[in-house]
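Peer 1: Submitted below is the structure of interest, expressed as structure tokens.
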Amino acid sequence: MNTEYLKEVRNWARAQLETCVNFWLKHGMDNINGGVYTCLDRTGKIYSTDKSVWMQGRCAWTFARLCNQYGSRPEWLKAAESCIDFMEKYCINREAGGRLYFTVTADGRPLRQRRYYFSEAFYIMANIEYYGAAGNKSCLERARKYYDFLYALNSGAMADPANLGPKTIPETRKARALADPMIFLNTNAVMR
């Protein structure tokens with residue numbers, strides 16, 4: 001086995017990871033409102049200040065996962081915490097039973113509510129991964145609470161509190177999308 005080649009590949013992969021992470025830390029983090037901007041071009045220029053809620057959770061999970069995988073760095077923990085705090089403060093629609101919005105403005109005003117529960121799933125994954133990185137017990141409690149909530153939504157044990165109804169008319173054509181089980185299985189894996 002060519003160990004020099006393997007070292008080159010490892011060094012290349014590490015450099016690519018650093019480049020990607022530093023790009024988001026430099027250009028994506030919103031130092032005014034918290035959270036992360038999600039519409040950046042290749043140069044880091046923001047072309048929309050609307051924020052995807054599921055991406056807030058995905059970024060929080062990513063930065064917390066980096067800490068858990070490669071060792072904690074203050075800038076990674078700060079980025080994860082900023083995204084989680086932004087979600088907690090602005091992205092939960094408390095008037096719709098705690099469902100999370102799909103998109104919000106830069107300062108957290110709601111733009112769109114969707115029937116899909118990707119925002120909730122990434123909120124769970126962000127909180128549980130951050131708990132692993134920082135030991136924040138409130139994140140563990142939120143992850144467990146929202147996991148139970150997501151399970152009830154996914155299994156049909158509860159009606160959607162946002163009251164959006166099905167995407168299609170089930171009496172005309174019965175179907176089940178693959179995206180819901182996929183994100184639920186992913187959430188299960190992270191919670192485990």
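We label chains A, B, ... in the order they appear in the structure tokens, count residues from 1 in each chain, and number ligands from 1 in the order shown.
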Which residues come within 12 Å of A:Arg192, counting only C-alpha atoms, excluding same-chain residues fewer than 4 positions away, as a list in words?
Peer 2: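 Returned residues: Ile124, Met125, Ile128, Glu129, Gly132, Ala143, Arg144, Tyr147, Leu185, Asn186, Thr187 and Asn188 of chain A.
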Peer 1: With a cut-off of 12 Å, could you pull out the residues of stretch 46-130 of chain A touching stretch 2-17 of chain A and give me the nearest pair of atoms for each, distance in Å to one decimal, using only C-alpha atoms, ordered by chain and ascending number, as JSON lines?
Peer 2:
{"residue": "A:Thr62", "atom": "CA", "partner": "A:Leu17", "partner_atom": "CA", "distance": 11.5}
{"residue": "A:Phe63", "atom": "CA", "partner": "A:Leu17", "partner_atom": "CA", "distance": 11.7}
{"residue": "A:Leu66", "atom": "CA", "partner": "A:Leu17", "partner_atom": "CA", "distance": 9.9}
{"residue": "A:Tyr70", "atom": "CA", "partner": "A:Arg14", "partner_atom": "CA", "distance": 10.6}
Peer 1: If you count only C-alpha atoms, which residues fall within 7 Å of A:Ala60, apart from same-chain ones fewer than 5 positions away, as a PyMOL selection string?
Peer 2: chain A and resi 79-81+83-84+126
Peer 1: Taking the chain letters and numbering used in this document, name the residues of chain A that DSSP puts in strand (DSSP E or B), as an NGL selection string.
Peer 2: :A and (29 or 36 or 39-40 or 46-48 or 51-52 or 92-93 or 99-100 or 103-104 or 110-112)
Peer 1: Excluding stretch 48-55 of chain A and its own-chain neighbours fewer than 5 positions away, which residues fall within 7 Å of it when counting only C-alpha atoms? Please give them as a JSON list (two decimals) with N, CA and C atoms, in the first residue's frame.
Peer 2:
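Below you can see selection.json, which holds the result:
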[["chain", "number", "residue", "atom", "x", "y", "z"],
["A", 37, "TYR", "N", -26.72, 32.93, 7.20],
["A", 37, "TYR", "CA", -27.34, 33.22, 5.90],
["A", 37, "TYR", "C", -27.18, 31.98, 5.03],
["A", 38, "THR", "N", -28.19, 31.68, 4.26],
["A", 38, "THR", "CA", -28.18, 30.42, 3.51],
["A", 38, "THR", "C", -28.15, 30.60, 2.00],
["A", 39, "CYS", "N", -28.17, 31.83, 1.54],
["A", 39, "CYS", "CA", -28.15, 32.09, 0.09],
["A", 39, "CYS", "C", -26.89, 32.86, -0.26],
["A", 91, "CYS", "N", -37.74, 30.81, 15.19],
["A", 91, "CYS", "CA", -38.22, 29.88, 14.16],
["A", 91, "CYS", "C", -39.33, 28.94, 14.61],
["A", 101, "TYR", "N", -41.10, 27.14, 11.41],
["A", 101, "TYR", "CA", -41.28, 27.73, 10.09],
["A", 101, "TYR", "C", -40.31, 27.08, 9.10],
["A", 102, "PHE", "N", -40.54, 27.31, 7.82],
["A", 102, "PHE", "CA", -39.66, 26.80, 6.78],
["A", 102, "PHE", "C", -38.63, 27.86, 6.39],
["A", 103, "THR", "N", -39.09, 29.12, 6.29],
["A", 103, "THR", "CA", -38.18, 30.23, 6.02],
["A", 103, "THR", "C", -38.60, 31.43, 6.86],
["A", 104, "VAL", "N", -37.59, 32.22, 7.22],
["A", 104, "VAL", "CA", -37.79, 33.45, 7.98],
["A", 104, "VAL", "C", -36.90, 34.53, 7.37],
["A", 105, "THR", "N", -37.16, 35.78, 7.77],
["A", 105, "THR", "CA", -36.31, 36.89, 7.32],
["A", 105, "THR", "C", -34.99, 36.86, 8.10],
["A", 106, "ALA", "N", -34.09, 37.74, 7.73],
["A", 106, "ALA", "CA", -32.80, 37.82, 8.41],
["A", 106, "ALA", "C", -32.96, 38.05, 9.90],
["A", 118, "PHE", "N", -39.08, 18.97, 7.96],
["A", 118, "PHE", "CA", -37.62, 19.02, 7.87],
["A", 118, "PHE", "C", -37.03, 20.01, 8.87],
["A", 119, "SER", "N", -37.68, 21.13, 9.07],
["A", 119, "SER", "CA", -37.18, 22.10, 10.05],
["A", 119, "SER", "C", -37.13, 21.48, 11.44],
["A", 122, "PHE", "N", -34.23, 18.83, 11.65],
["A", 122, "PHE", "CA", -32.90, 19.40, 11.80],
["A", 122, "PHE", "C", -32.75, 20.15, 13.12]]
Peer 1: Output as a PyMOL selection string all residues of stretch 23-122 of chain A that backbone DSSP marks as alpha helix (DSSP H).
Peer 2: chain A and resi 23+53-70+74-86+118-122
